[in-house]
Every structure is written in structure tokens, then in C-alpha cells.
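One file, my_file_7.txt, carrying compact mmCIF, C-alpha atoms:
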```txt
# COMPACT_ATOMS: atom_id res chain seq x y z
CA MET A 1 18.72 32.40 -76.22
CA MET A 2 21.89 30.81 -74.91
CA SER A 3 24.42 29.67 -77.44
CA ASP A 4 25.15 25.95 -77.69
CA THR A 5 28.67 26.45 -76.33
CA VAL A 6 27.35 28.07 -73.14
CA LYS A 7 24.80 25.28 -72.73
CA TRP A 8 27.47 22.62 -73.01
CA VAL A 9 29.81 24.45 -70.63
CA ILE A 10 26.95 24.56 -68.13
CA ALA A 11 26.24 20.86 -68.78
CA PHE A 12 29.88 19.93 -68.06
CA ILE A 13 29.99 22.11 -64.93
CA VAL A 14 26.71 20.63 -63.63
CA ALA A 15 28.03 17.12 -64.38
CA LEU A 16 31.23 17.93 -62.48
CA ILE A 17 29.33 19.33 -59.51
CA LEU A 18 26.95 16.36 -59.41
CA GLN A 19 29.81 13.90 -59.82
CA THR A 20 31.57 15.29 -56.75
CA SER A 21 28.50 15.96 -54.61
CA PHE A 22 25.43 13.90 -55.52
CA VAL A 23 26.86 10.79 -57.23
CA PRO A 24 28.65 9.42 -54.11
CA ALA A 25 25.24 9.37 -52.42
CA ILE A 26 23.73 7.12 -55.09
CA SER A 27 26.66 4.70 -55.35
CA LEU A 28 25.68 1.04 -55.12
CA GLY A 29 28.36 -1.08 -53.46
CA GLY A 30 31.01 1.45 -54.43
CA ILE A 31 29.88 1.49 -58.08
CA LYS A 32 29.14 5.03 -59.30
CA PRO A 33 27.89 6.27 -62.67
CA ASP A 34 30.37 8.52 -64.52
CA LEU A 35 28.44 11.63 -65.51
CA LEU A 36 31.45 13.27 -67.19
CA ILE A 37 31.82 10.42 -69.68
CA ILE A 38 28.07 10.51 -70.32
CA VAL A 39 28.12 14.24 -71.10
CA LEU A 40 31.29 13.81 -73.17
CA PHE A 41 29.52 11.00 -75.03
CA PHE A 42 26.55 13.17 -75.98
CA TYR A 43 28.79 16.12 -76.80
CA SER A 44 31.06 14.15 -79.10
CA LEU A 45 28.10 12.48 -80.78
CA LYS A 46 26.70 15.88 -81.57
CA TYR A 47 29.86 17.73 -82.62
CA GLY A 48 32.20 15.10 -84.00
CA VAL A 49 35.81 14.04 -83.65
CA MET A 50 37.76 17.25 -83.21
CA PRO A 51 35.64 18.89 -80.51
CA GLY A 52 35.44 15.46 -78.85
CA ILE A 53 39.23 15.20 -78.79
CA PHE A 54 39.80 18.61 -77.24
CA VAL A 55 36.97 18.47 -74.76
CA GLY A 56 38.01 14.92 -73.81
CA PHE A 57 41.61 16.05 -73.36
CA PHE A 58 40.82 19.00 -71.11
CA LEU A 59 38.21 17.04 -69.19
CA GLY A 60 40.74 14.26 -68.58
CA LEU A 61 43.43 16.75 -67.67
CA GLY A 62 41.12 18.32 -65.13
CA GLN A 63 40.39 14.90 -63.65
CA ASP A 64 44.13 14.15 -63.48
CA LEU A 65 44.74 17.31 -61.52
CA TYR A 66 42.02 16.60 -58.97
CA SER A 67 42.24 12.83 -58.61
CA PRO A 68 45.00 10.53 -57.41
CA SER A 69 45.61 9.14 -60.92
CA LEU A 70 48.80 9.60 -62.92
CA LEU A 71 49.15 12.99 -64.59
CA GLY A 72 48.16 12.55 -68.24
CA GLN A 73 46.41 9.21 -67.76
CA ASN A 74 42.84 10.52 -67.93
CA ALA A 75 43.82 13.15 -70.52
CA LEU A 76 45.17 10.50 -72.87
CA VAL A 77 42.30 8.07 -72.33
CA LYS A 78 39.53 10.63 -72.67
CA THR A 79 41.18 12.11 -75.75
CA VAL A 80 41.03 8.72 -77.46
CA VAL A 81 37.49 8.09 -76.21
CA GLY A 82 36.36 11.55 -77.39
CA ALA A 83 37.78 10.80 -80.84
CA LEU A 84 36.15 7.36 -80.88
CA ILE A 85 32.71 8.72 -80.03
CA GLY A 86 33.18 11.52 -82.54
CA LEU A 87 33.41 8.94 -85.31
CA PHE A 88 29.70 8.24 -84.73
CA ASN A 89 28.85 11.88 -85.20
CA GLU A 90 25.13 12.45 -85.65
CA ARG A 91 25.84 14.62 -88.68
CA VAL A 92 27.42 11.66 -90.39
CA MET A 93 25.16 8.81 -89.25
CA ARG A 94 21.82 8.55 -87.58
CA THR A 95 21.85 6.57 -84.31
CA ASP A 96 18.80 5.37 -82.44
CA PRO A 97 18.70 5.01 -78.62
CA LEU A 98 19.56 1.30 -78.75
CA ILE A 99 22.72 1.88 -80.78
CA LYS A 100 23.63 4.77 -78.49
CA THR A 101 23.22 2.48 -75.48
CA VAL A 102 25.48 -0.20 -76.96
CA LEU A 103 27.95 2.48 -78.02
CA LEU A 104 28.01 3.94 -74.51
CA LEU A 105 28.75 0.48 -73.08
CA VAL A 106 31.60 0.07 -75.58
CA VAL A 107 32.91 3.53 -74.71
CA PHE A 108 33.05 2.61 -71.03
CA VAL A 109 34.86 -0.64 -71.78
CA VAL A 110 37.36 1.11 -74.08
CA HIS A 111 37.86 3.92 -71.58
CA ASP A 112 38.56 1.59 -68.67
CA ALA A 113 40.63 -0.83 -70.75
CA LEU A 114 42.89 2.01 -71.92
CA PHE A 115 43.05 3.40 -68.41
CA LEU A 116 44.16 0.03 -67.04
CA VAL A 117 46.64 -0.53 -69.88
CA VAL A 118 48.29 2.80 -69.07
CA GLN A 119 48.39 1.76 -65.42
CA ILE A 120 49.94 -1.61 -66.28
CA VAL A 121 52.56 0.01 -68.50
CA LYS A 122 53.37 2.88 -66.17
CA LEU A 123 53.12 1.20 -62.78
CA GLY A 124 53.94 -2.36 -63.80
CA ASP A 125 50.67 -3.85 -62.54
CA SER A 126 49.90 -7.43 -63.58
CA VAL A 127 47.78 -8.06 -66.68
CA GLY A 128 45.24 -9.81 -64.45
CA VAL A 129 44.30 -6.36 -63.14
CA LEU A 130 42.98 -5.53 -66.60
CA PHE A 131 40.52 -8.42 -66.75
CA SER A 132 39.42 -8.30 -63.14
CA GLY A 133 38.98 -4.53 -63.40
CA LEU A 134 36.92 -4.83 -66.57
CA PHE A 135 34.61 -7.48 -65.16
CA LEU A 136 34.30 -6.39 -61.56
CA HIS A 137 34.32 -2.63 -61.97
CA THR A 138 33.86 -1.48 -65.53
CA LEU A 139 30.84 -3.59 -66.45
CA PRO A 140 28.69 -2.67 -63.41
CA ARG A 141 29.75 0.97 -63.76
CA ALA A 142 28.90 0.98 -67.46
CA LEU A 143 25.46 -0.55 -66.82
CA TYR A 144 24.73 1.91 -64.03
CA SER A 145 25.88 4.80 -66.23
CA VAL A 146 23.73 3.61 -69.12
CA ALA A 147 20.76 3.50 -66.76
CA VAL A 148 21.50 7.10 -65.78
CA ALA A 149 22.07 8.08 -69.43
CA SER A 150 18.64 6.70 -70.31
CA LEU A 151 17.25 9.69 -68.39
CA PHE A 152 18.79 11.87 -71.12
CA TYR A 153 16.97 9.83 -73.77
CA LEU A 154 13.72 10.40 -71.89
CA TRP A 155 14.50 14.10 -71.86
CA ASP A 156 14.97 13.96 -75.64
CA MET A 157 11.65 12.20 -76.04
CA ILE A 158 9.66 14.99 -74.38
CA PRO A 159 7.73 16.73 -77.17
CA ARG A 160 8.56 20.43 -77.48
CA PRO A 161 6.65 23.17 -79.31
CA ALA A 162 8.00 23.89 -82.80
CA ALA A 163 10.35 26.86 -83.07
CA ARG A 164 8.74 30.03 -84.40
CA LYS A 165 9.99 30.94 -87.88
CA MET B 1 58.65 18.92 -93.79
CA GLN B 2 56.20 20.65 -96.06
CA TRP B 3 54.25 17.48 -96.73
CA ILE B 4 53.85 16.97 -93.01
CA ILE B 5 52.32 20.43 -92.61
CA ARG B 6 50.14 19.81 -95.62
CA PHE B 7 49.04 16.47 -94.18
CA PHE B 8 48.10 18.01 -90.84
CA ALA B 9 46.29 20.88 -92.54
CA SER B 10 44.15 18.49 -94.55
CA HIS B 11 43.70 15.95 -91.69
CA ARG B 12 43.06 18.25 -88.77
CA SER B 13 41.30 15.61 -86.69
CA ILE B 14 44.26 13.25 -86.85
CA ALA B 15 46.59 16.14 -86.08
CA SER B 16 44.50 17.12 -83.04
CA LEU B 17 44.44 13.54 -81.81
CA LEU B 18 48.20 13.19 -82.19
CA LEU B 19 48.78 16.53 -80.52
CA THR B 20 46.59 15.87 -77.48
CA ALA B 21 47.51 12.20 -77.15
CA GLY B 22 51.14 13.21 -77.46
CA ALA B 23 50.68 15.77 -74.72
CA GLY B 24 49.09 13.08 -72.54
CA ILE B 25 51.95 10.65 -73.17
CA TRP B 26 54.50 13.40 -72.54
CA MET B 27 52.91 14.18 -69.17
CA LEU B 28 52.79 10.49 -68.31
CA SER B 29 56.43 9.93 -69.15
CA SER B 30 57.79 13.09 -67.54
CA PRO B 31 59.63 12.74 -64.22
CA GLN B 32 57.85 13.21 -60.91
CA MET B 33 59.24 16.70 -60.29
CA GLN B 34 58.15 17.93 -63.68
CA GLN B 35 54.69 16.41 -63.20
CA GLN B 36 54.36 18.34 -59.97
CA ARG B 37 55.43 21.55 -61.71
CA ILE B 38 52.89 21.00 -64.51
CA THR B 39 50.16 20.24 -61.98
CA ARG B 40 50.94 23.37 -60.00
CA TYR B 41 51.04 25.53 -63.11
CA LEU B 42 47.76 24.18 -64.52
CA THR B 43 45.99 24.29 -61.16
CA TYR B 44 46.74 27.97 -60.68
CA SER B 45 46.15 29.08 -64.31
CA VAL B 46 43.79 27.25 -66.66
CA PHE B 47 42.04 25.20 -64.01
CA TYR B 48 41.84 27.87 -61.31
CA PRO B 49 37.99 28.04 -61.40
CA PHE B 50 37.87 24.29 -60.76
CA GLN B 51 40.49 24.63 -58.04
CA PHE B 52 38.28 27.30 -56.47
CA TYR B 53 35.21 25.06 -56.80
CA PHE B 54 36.95 22.07 -55.20
CA ASN B 55 38.31 24.22 -52.39
CA GLN B 56 34.85 25.62 -51.69
CA THR B 57 33.25 22.18 -51.92
CA THR B 58 35.74 20.76 -49.46
CA ARG B 59 35.18 23.73 -47.21
CA ILE B 60 31.40 23.30 -47.32
CA LYS B 61 31.75 19.56 -46.67
CA ASN B 62 33.98 20.32 -43.68
CA ILE B 63 31.46 22.87 -42.41
CA PHE B 64 28.66 20.30 -42.66
CA ALA B 65 30.79 17.66 -40.91
CA GLU B 66 31.72 20.15 -38.20
CA ASN B 67 28.09 21.20 -37.86
CA ARG B 68 27.03 17.57 -37.39
CA ARG B 69 29.82 16.98 -34.86
CA LEU B 70 28.90 20.16 -32.96
CA LYS B 71 25.23 19.14 -32.86
CA GLU B 72 26.19 15.79 -31.35
CA GLU B 73 28.45 17.58 -28.89
CA ILE B 74 25.63 19.98 -27.94
CA ALA B 75 23.26 17.06 -27.34
CA SER B 76 25.86 15.32 -25.18
CA LEU B 77 26.66 18.51 -23.26
CA SER B 78 22.95 19.24 -22.74
CA VAL B 79 22.58 15.87 -21.04
CA LYS B 80 25.66 16.55 -18.92
CA LEU B 81 24.42 20.04 -18.05
CA ALA B 82 21.04 18.66 -17.00
CA GLN B 83 22.79 16.09 -14.81
CA THR B 84 25.08 18.73 -13.33
CA THR B 85 22.16 21.08 -12.66
CA ASP B 86 20.28 18.25 -11.01
CA ARG B 87 23.29 17.43 -8.84
CA THR B 88 23.79 21.08 -7.93
CA LEU B 89 20.17 21.39 -6.84
CA GLU B 90 20.43 18.13 -4.93
CA ASN B 91 23.59 19.42 -3.30
CA GLU B 92 21.77 22.59 -2.24
CA ARG B 93 18.89 20.59 -0.82
CA LEU B 94 21.24 18.25 1.04
CA THR B 95 23.17 21.22 2.42
CA ASP B 96 19.87 22.61 3.75
CA LEU B 97 19.05 19.24 5.29
CA LEU B 98 22.50 19.03 6.83
CA ASP B 99 21.92 22.43 8.34
CA ILE B 100 18.60 21.18 9.74
CA SER B 101 20.22 18.10 11.24
CA ARG B 102 22.66 20.38 13.08
CA ARG B 103 19.89 22.68 14.23
CA TYR B 104 17.60 20.10 15.84
CA PRO B 105 18.61 18.11 18.88
CA PHE B 106 17.17 14.85 17.53
CA THR B 107 18.64 11.90 15.75
CA LEU B 108 17.69 12.46 12.13
CA VAL B 109 17.76 9.69 9.55
CA PRO B 110 18.15 11.06 6.03
CA ALA B 111 15.86 9.40 3.50
CA ARG B 112 15.01 9.71 -0.15
CA VAL B 113 11.45 9.64 -1.45
CA VAL B 114 11.42 6.69 -3.83
CA VAL B 115 7.72 6.35 -4.64
CA ARG B 116 5.11 9.05 -4.95
CA ASP B 117 1.49 8.62 -5.88
CA PRO B 118 1.22 10.67 -9.11
CA SER B 119 -2.45 11.48 -8.52
CA PHE B 120 -3.69 15.06 -8.11
CA ILE B 121 -3.54 14.80 -4.36
CA SER B 122 -0.59 12.66 -3.46
CA ARG B 123 -1.33 11.62 0.07
CA SER B 124 1.52 9.31 0.84
CA ALA B 125 5.08 8.60 -0.11
CA ILE B 126 7.51 5.76 0.34
CA VAL B 127 10.99 6.53 1.63
CA ASN B 128 14.05 4.33 1.33
CA VAL B 129 14.65 3.70 5.05
CA GLY B 130 12.89 1.10 7.13
CA LYS B 131 13.54 -1.38 9.92
CA ASP B 132 17.17 -1.61 8.77
CA LYS B 133 17.69 1.95 10.02
CA GLY B 134 15.63 1.52 13.17
CA ILE B 135 12.54 3.32 11.89
CA LEU B 136 9.33 2.73 13.84
CA PRO B 137 5.71 3.59 13.09
CA TYR B 138 4.60 7.13 14.07
CA MET B 139 8.04 8.63 13.77
CA PRO B 140 7.79 12.21 12.42
CA VAL B 141 9.10 13.07 8.99
CA MET B 142 10.39 16.54 8.16
CA THR B 143 12.08 18.50 5.41
CA ALA B 144 14.20 21.63 5.40
CA GLY B 145 10.92 23.56 5.31
CA GLY B 146 9.38 21.88 8.31
CA VAL B 147 6.94 19.10 9.10
CA ALA B 148 6.16 16.75 6.22
CA GLY B 149 4.20 13.88 7.77
CA LYS B 150 4.62 10.72 9.80
CA VAL B 151 5.61 7.12 9.23
CA ILE B 152 2.58 4.88 9.27
CA LYS B 153 4.02 1.60 8.10
CA VAL B 154 7.54 0.21 8.27
CA MET B 155 8.99 -2.46 6.01
CA GLY B 156 12.47 -3.95 5.78
CA ARG B 157 14.14 -1.22 3.80
CA MET B 158 11.37 1.30 3.26
CA SER B 159 8.58 3.04 5.04
CA LEU B 160 5.21 4.44 4.10
CA VAL B 161 4.80 8.07 5.10
CA GLN B 162 1.42 9.73 5.55
CA LEU B 163 1.92 13.28 4.34
CA MET B 164 0.32 16.33 5.91
CA ILE B 165 -1.70 16.84 2.73
CA ASP B 166 -3.71 13.73 3.55
CA PRO B 167 -7.15 15.00 4.75
CA ALA B 168 -7.14 12.23 7.37
CA ASN B 169 -4.03 13.73 8.92
CA ARG B 170 -4.39 16.18 11.80
CA THR B 171 -1.53 17.86 13.57
CA SER B 172 -1.52 19.58 16.90
CA VAL B 173 0.07 23.00 16.41
CA MET B 174 0.34 26.37 18.12
CA ILE B 175 0.93 29.96 17.20
CA GLN B 176 4.56 30.59 18.13
CA ARG B 177 3.98 34.19 19.19
CA THR B 178 0.88 33.76 21.40
CA ARG B 179 1.04 29.98 22.19
CA GLU B 180 -2.57 29.56 21.03
CA ILE B 181 -3.13 25.86 20.38
CA GLY B 182 -5.13 24.39 17.51
CA ILE B 183 -5.36 21.54 15.05
CA LEU B 184 -3.85 21.97 11.61
CA GLU B 185 -5.94 20.17 9.02
CA THR B 186 -6.94 20.17 5.38
CA GLU B 187 -9.98 19.07 3.45
CA ASN B 188 -8.61 19.06 -0.08
CA GLY B 189 -4.89 18.54 0.38
CA SER B 190 -3.89 22.07 -0.55
CA ASP B 191 -5.70 24.54 1.75
CA PHE B 192 -4.60 24.17 5.36
CA PHE B 193 -6.46 25.78 8.21
CA ILE B 194 -6.73 25.96 12.00
CA MET B 195 -9.94 26.68 13.88
CA PHE B 196 -9.43 29.03 16.85
CA ARG B 197 -11.84 30.45 19.31
CA ALA B 198 -13.10 33.83 18.18
CA HIS B 199 -11.12 35.77 20.78
CA ALA B 200 -7.79 33.96 20.14
CA ASP B 201 -4.85 36.25 19.38
CA VAL B 202 -3.90 35.21 15.85
CA ALA B 203 -2.61 37.51 13.13
CA ILE B 204 -1.55 37.16 9.52
CA GLY B 205 2.15 36.30 9.32
CA ASP B 206 2.21 34.40 12.61
CA THR B 207 4.46 31.36 12.62
CA VAL B 208 2.76 28.03 13.25
CA VAL B 209 4.83 25.33 14.99
CA THR B 210 4.03 21.89 16.32
CA SER B 211 2.75 21.96 19.89
CA GLY B 212 4.26 18.65 20.98
CA LEU B 213 0.93 17.67 22.53
CA GLY B 214 -0.16 15.21 19.83
CA GLY B 215 2.34 12.64 20.98
CA ILE B 216 4.02 12.29 17.60
CA TYR B 217 5.77 15.54 16.63
CA PRO B 218 8.24 17.14 19.02
CA LYS B 219 7.46 20.67 20.13
CA GLY B 220 8.62 23.58 17.97
CA LEU B 221 8.85 22.10 14.47
CA LEU B 222 7.91 24.65 11.84
CA ALA B 223 4.54 23.86 10.26
CA GLY B 224 3.65 27.01 8.32
CA ILE B 225 2.68 30.69 8.33
CA VAL B 226 -0.78 32.16 8.84
CA SER B 227 -1.64 33.58 5.44
CA ARG B 228 -5.26 34.71 5.89
CA LEU B 229 -8.00 34.96 8.51
CA ALA B 230 -11.32 33.86 7.08
CA GLU B 231 -14.84 34.56 8.22
CA ASN B 232 -16.53 31.59 9.85
CA ARG B 233 -20.23 30.69 9.86
CA ASP B 234 -20.03 29.97 13.59
CA PRO B 235 -19.26 33.30 15.35
CA LEU B 236 -17.63 31.47 18.23
CA PHE B 237 -14.71 30.41 16.05
CA LYS B 238 -12.39 31.93 13.50
CA LYS B 239 -10.52 30.19 10.76
CA ALA B 240 -6.81 30.86 10.15
CA LEU B 241 -5.56 29.72 6.76
CA VAL B 242 -2.00 28.43 6.91
CA LYS B 243 0.55 28.20 4.15
CA PRO B 244 2.81 25.20 4.90
CA GLU B 245 6.55 25.74 4.63
CA THR B 246 7.13 22.31 3.11
CA ASN B 247 6.74 22.14 -0.65
CA PHE B 248 4.81 18.91 -1.09
CA ASP B 249 5.04 19.10 -4.89
CA ARG B 250 8.81 18.75 -4.76
CA LEU B 251 9.41 16.27 -2.02
CA GLU B 252 12.70 14.48 -2.72
CA GLU B 253 14.86 14.25 0.39
CA VAL B 254 13.42 14.08 3.90
CA PHE B 255 14.48 13.31 7.47
CA VAL B 256 12.85 10.78 9.70
CA ILE B 257 13.13 11.98 13.28
CA LYS B 258 14.15 9.01 15.36
CA LEU B 259 11.69 9.83 18.11
CA PRO B 260 9.27 7.15 19.24
CA PRO B 261 5.74 8.36 20.03
CA GLN B 262 5.56 9.98 23.45
CA TRP B 263 2.97 7.49 24.59
CA ALA B 264 5.33 4.57 23.85
CA SER B 265 6.87 4.64 27.34
CA PHE B 266 3.50 4.26 29.03
CA LYS B 267 1.85 2.20 26.31
CA SER B 268 1.44 -0.80 28.59
CA GLU B 269 -0.51 1.31 31.14
CA LEU B 270 -2.69 2.69 28.33
CA ASP B 271 -3.32 -0.80 27.04
CA SER B 272 -4.27 -2.02 30.49
CA LEU B 273 -6.66 0.94 30.90
CA GLU B 274 -8.27 0.11 27.57
CA ALA B 275 -8.54 -3.54 28.57
CA ALA B 276 -10.17 -2.75 31.95
CA PRO B 277 -14.01 -3.17 32.06
```

Using the file provided, produce a representation of the structure as C-alpha cells.
Amino acid sequence: MMSDTVKWVIAFIVALILQTSFVPAISLGGIKPDLLIIVLFFYSLKYGVMPGIFVGFFLGLGQDLYSPSLLGQNALVKTVVGALIGLFNERVMRTDPLIKTVLLLVVFVVHDALFLVVQIVKLGDSVGVLFSGLFLHTLPRALYSVAVASLFYLWDMIPRPAARK
Amino acid sequence: MQWIIRFFASHRSIASLLLTAGAGIWMLSSPQMQQQRITRYLTYSVFYPFQFYFNQTTRIKNIFAENRRLKEEIASLSVKLAQTTDRTLENERLTDLLDISRRYPFTLVPARVVVRDPSFISRSAIVNVGKDKGILPYMPVMTAGGVAGKVIKVMGRMSLVQLMIDPANRTSVMIQRTREIGILETENGSDFFIMFRAHADVAIGDTVVTSGLGGIYPKGLLAGIVSRLAENRDPLFKKALVKPETNFDRLEEVFVIKLPPQWASFKSELDSLEAAP
């Protein structure tokens, strides 16, 4: 049996590959679901704050290196988001799919809000960018991502045979 | 200092958050040159597998794009090649026709077959020359191979040609070697034959040319080659099967020989003879 770490590494790699290859094909009017945040969301929910922080940091750093964003922007934002999700760790509190859905929407809003704040501070963009970005880009993206994330819930709902003792 | 270490040891999550967030803020606030150095260092160390993946992905994407472009180019070139091949073949045919026009001492009007009956036996064709080029009924039509037929109807800018494959068509011909005269005819549009008297000197491979006695075709136009001598029910005659030199399946460019029927000059006398009681 594969260890959990290997499974999650594979999950992140698959998410990365799909994000760069398959996701552009299913974009609706330029709006694409963010698979990396979805996987980070489930990972942090499962393992808590500290793993969420580190995985979020390195995931963000990787995105910074391979996207035209500012170096450190994604690393900072995803670190905070990883920590935030980790607070709702499944070991600490039990969350049903509805709460997870709302939480994922909040995560997307927080992620994009922080991202835009960094952009405003660093590049001197107007504050209007924050609100227009949140309404025109973040909200549709969050809804689309939640729709994609619901596939993971369905996966969870598939009954599996009990493990042999 | 000690209390700070103690605090971080007991609050590892906060310490991790401060450490990573601090690293993020440090990268954000560092000058452009330093950011580039960090990027280069990370790309070729910790993130090398991702660098490799992105390079390969880009390469594969480029290969697909190039493949698509090459396919389009192949399709376009195939069309061009087909056109070029067609023009080359047309050029060869026209060169042959030009050679013919130099060889024969007649005025030849080049024409293109514009309509062909697509039925199994195509008996007629329409060519794109008519009264505008001085074409008259009963003018002979030939190809590089030899006799093709005769004009039977003339319109303003086109003419109807009765081809030799029409069973109603009969052509006066002769064996070039022995000057034996006969009528070249066909019953099904593909097998041509000439009936000769049994003692006529005809052999396989003999060239058959027009005799010039029918009043339409000038003497000496190539009609075909004797391919077989068949037994005939009537012992007084023998049947020579002829393979025509003109390929009637691929009739594209022809020449109309500007030669009025030989009876045209004394047509009035003929008419008066017919009119006499």
C-alpha cells in the first residue's frame, strides 16, 4: 500500500498537470477552476495548520516561478490560506460537505483578496481593482471550482469494502 | 531571546507561519536583480523536476502545434501538386497537339471538350468552338492519336461532335500498306472492325488510315491498328478488328480540321440531281 505522503504528492502532481493541460480546455469565458487550491484545501483539512502552511508555501512558490506574478506573491498568499484551512482540521472538528463548500468559497475569496492586496501594495494598483477582481473573477472562479470540488465529495461517497483486520 | 525560542518551540504553527510568510514578504520586497537570482536558483535546484515538466509540456505543445500546421501545409501542397500535375499533363497533351498541327497541312482549330455524356457509351461530345471560329457541320475532328469524329451540329460558341464510338458512325478507311479499302464501324462502341473480302491482303499490325473517299475526312489520317483477324460466318469476307489510336475515355483537347466536306463545292449540282424527276 502507498503511504499517504506518496498519495498526496501524486495528487498535487496530477493537479498540476491537469491545471496546465486539461483545465484551459474546460474554461468558460476565461474562468478556470483552480485545482491546486482544491487539493491544498483537502490536504490542509486533513492534516492541519502546519502541513498546510508548508505545502501552501511551496505550492505558491512553484506557481510564482512558473507564472508572471510577483516572486513571493503566491507563496505568501497560499501560506496564509493553507494556515486558514488548517484551522478547520478534520481531527479537531467534523465538517459536512455543505460546510466544506462554504469554506472553499471563503478560501477562494480570501486567497484572491490577499493576492489583490499584495498587488495593490506592490504595484500601486487602485483599490477598485480589488472589488472588481473579487466580483468579476473570484466569484465565478470560486463557484466553478466548487462545482469541480463536488466531484471529490462524490468520490468520498462511493462505498468501499471495509479494511481487513 | 530565550523566551522567543521557547515561544516558537511551544507554538510551532505560528512559528512556521511567520517563517514562511516572512520568506514570502522578503522575496516580494527584494530588488528585481535579487528576485531573478532567487528564481534562477530555485528553478535549477528545488523545482528542477517542475522545470523539466514545464519544458517537456511546452515542447509537446509545440510539437502538436507544428504537427497541425504541417498537416494543413500538406493538404494545401497536395492540392497544389494535383493542380501542377494536371497542368503538366495538359502541357504534354497540348505539346502533342501542337506537333500534330505542324505535321498536317490543314488549318486546325484547337478545341476543348466541355461536355461529355457520362453514360457507358459516350457517343457525342460538345467542344468549345462554334460559328465564332468558322466551324461548319461535317468538319472532321481529330486528336493527337488520330481521328476522333465529326462535327454534326454547330452553335454560336460550341459544336456537337459525333464520336467514332457512335454505332451510327461509319468511316471510310484503308490499309496503309496494301491500300485495301473498307468501312470502319462498331456495334457496341468499343470493338471496331472492318469487313474485307476474303482474299484482301490484311495482316495484324497493319496501320489503318482514312481513305479520303467518304467526303468528310481527308486522306491519310490515322484511324487505328489491325489487332486481330476474326473468322467470319460468310466465307466471302473476313473481319479485321481494329484498335483505334484515339483514347475515347480521355478525350480532353481536340482539333477541328477546317475542311469543308468534299461535296460542298458541287453541292448545288447534287441538289439539282436529287430534285430532278

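The space separating atom CA of Leu105 of chain A from atom CA of Ala142 of chain A comes to 5.6 Å.
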
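Of the residues under consideration (A:Ala11, A:Val102, A:Leu76, A:Val110), A:Leu76 shows the shortest atom-to-atom contact distance to chain B when counting all atoms listed in the file.
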
I want to know what sits within 10 Å of Ile37 of chain A, based on all atoms listed in the file, with residues of the same chain fewer than 3 positions away left out; could you give that as a PyMOL selection string? chain A and resi 12+15+33-34+40-43+56+59-60+78+81-82+104+107-108+111+145

Under the rule of at most 9 Å, produce a per-residue listing of chain B near chain A: chain, number, name, the closest pair of atoms, and the distance in Å, as a tab-separated table, using only C-alpha atoms.
```
residue	atom	partner	partner_atom	distance
B:Arg12	CA	A:Met50	CA	7.7
B:Ser13	CA	A:Met50	CA	5.2
B:Ile14	CA	A:Met50	CA	8.5
B:Ser16	CA	A:Met50	CA	6.7
B:Leu17	CA	A:Ile53	CA	6.2
B:Thr20	CA	A:Phe57	CA	6.5
B:Ala21	CA	A:Leu76	CA	5.2
B:Gly22	CA	A:Leu76	CA	8.0
B:Ala23	CA	A:Gly72	CA	7.7
B:Gly24	CA	A:Gly72	CA	4.4
B:Ile25	CA	A:Gly72	CA	6.5
B:Trp26	CA	A:Gly72	CA	7.7
B:Met27	CA	A:Gly72	CA	5.1
B:Leu28	CA	A:Gly72	CA	5.1
B:Ser29	CA	A:Lys122	CA	8.2
B:Gln35	CA	A:Leu71	CA	6.7
B:Gln36	CA	A:Leu71	CA	8.8
B:Ile38	CA	A:Leu71	CA	8.8
B:Thr39	CA	A:Leu65	CA	6.2
B:Arg40	CA	A:Leu65	CA	8.8
B:Leu42	CA	A:Leu65	CA	8.1
B:Thr43	CA	A:Leu65	CA	7.1
B:Phe47	CA	A:Gly62	CA	7.0
B:Phe50	CA	A:Gly62	CA	8.1
B:Gln51	CA	A:Tyr66	CA	8.2
B:Tyr53	CA	A:Ile17	CA	8.6
B:Phe54	CA	A:Tyr66	CA	8.4
B:Thr57	CA	A:Ser21	CA	8.3
```

Using all atoms listed in the file, which protein or nucleic acid residues come within 9 Å of segment 91-99 of chain A? Drop anything in the same chain fewer than 5 positions from it, and give the result as a PyMOL selection string. chain A and resi 45-48+104+150+153

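Interatomic distance, atom CA of Asp112 of chain A against atom CA of His137 of chain A: 9.0 Å.
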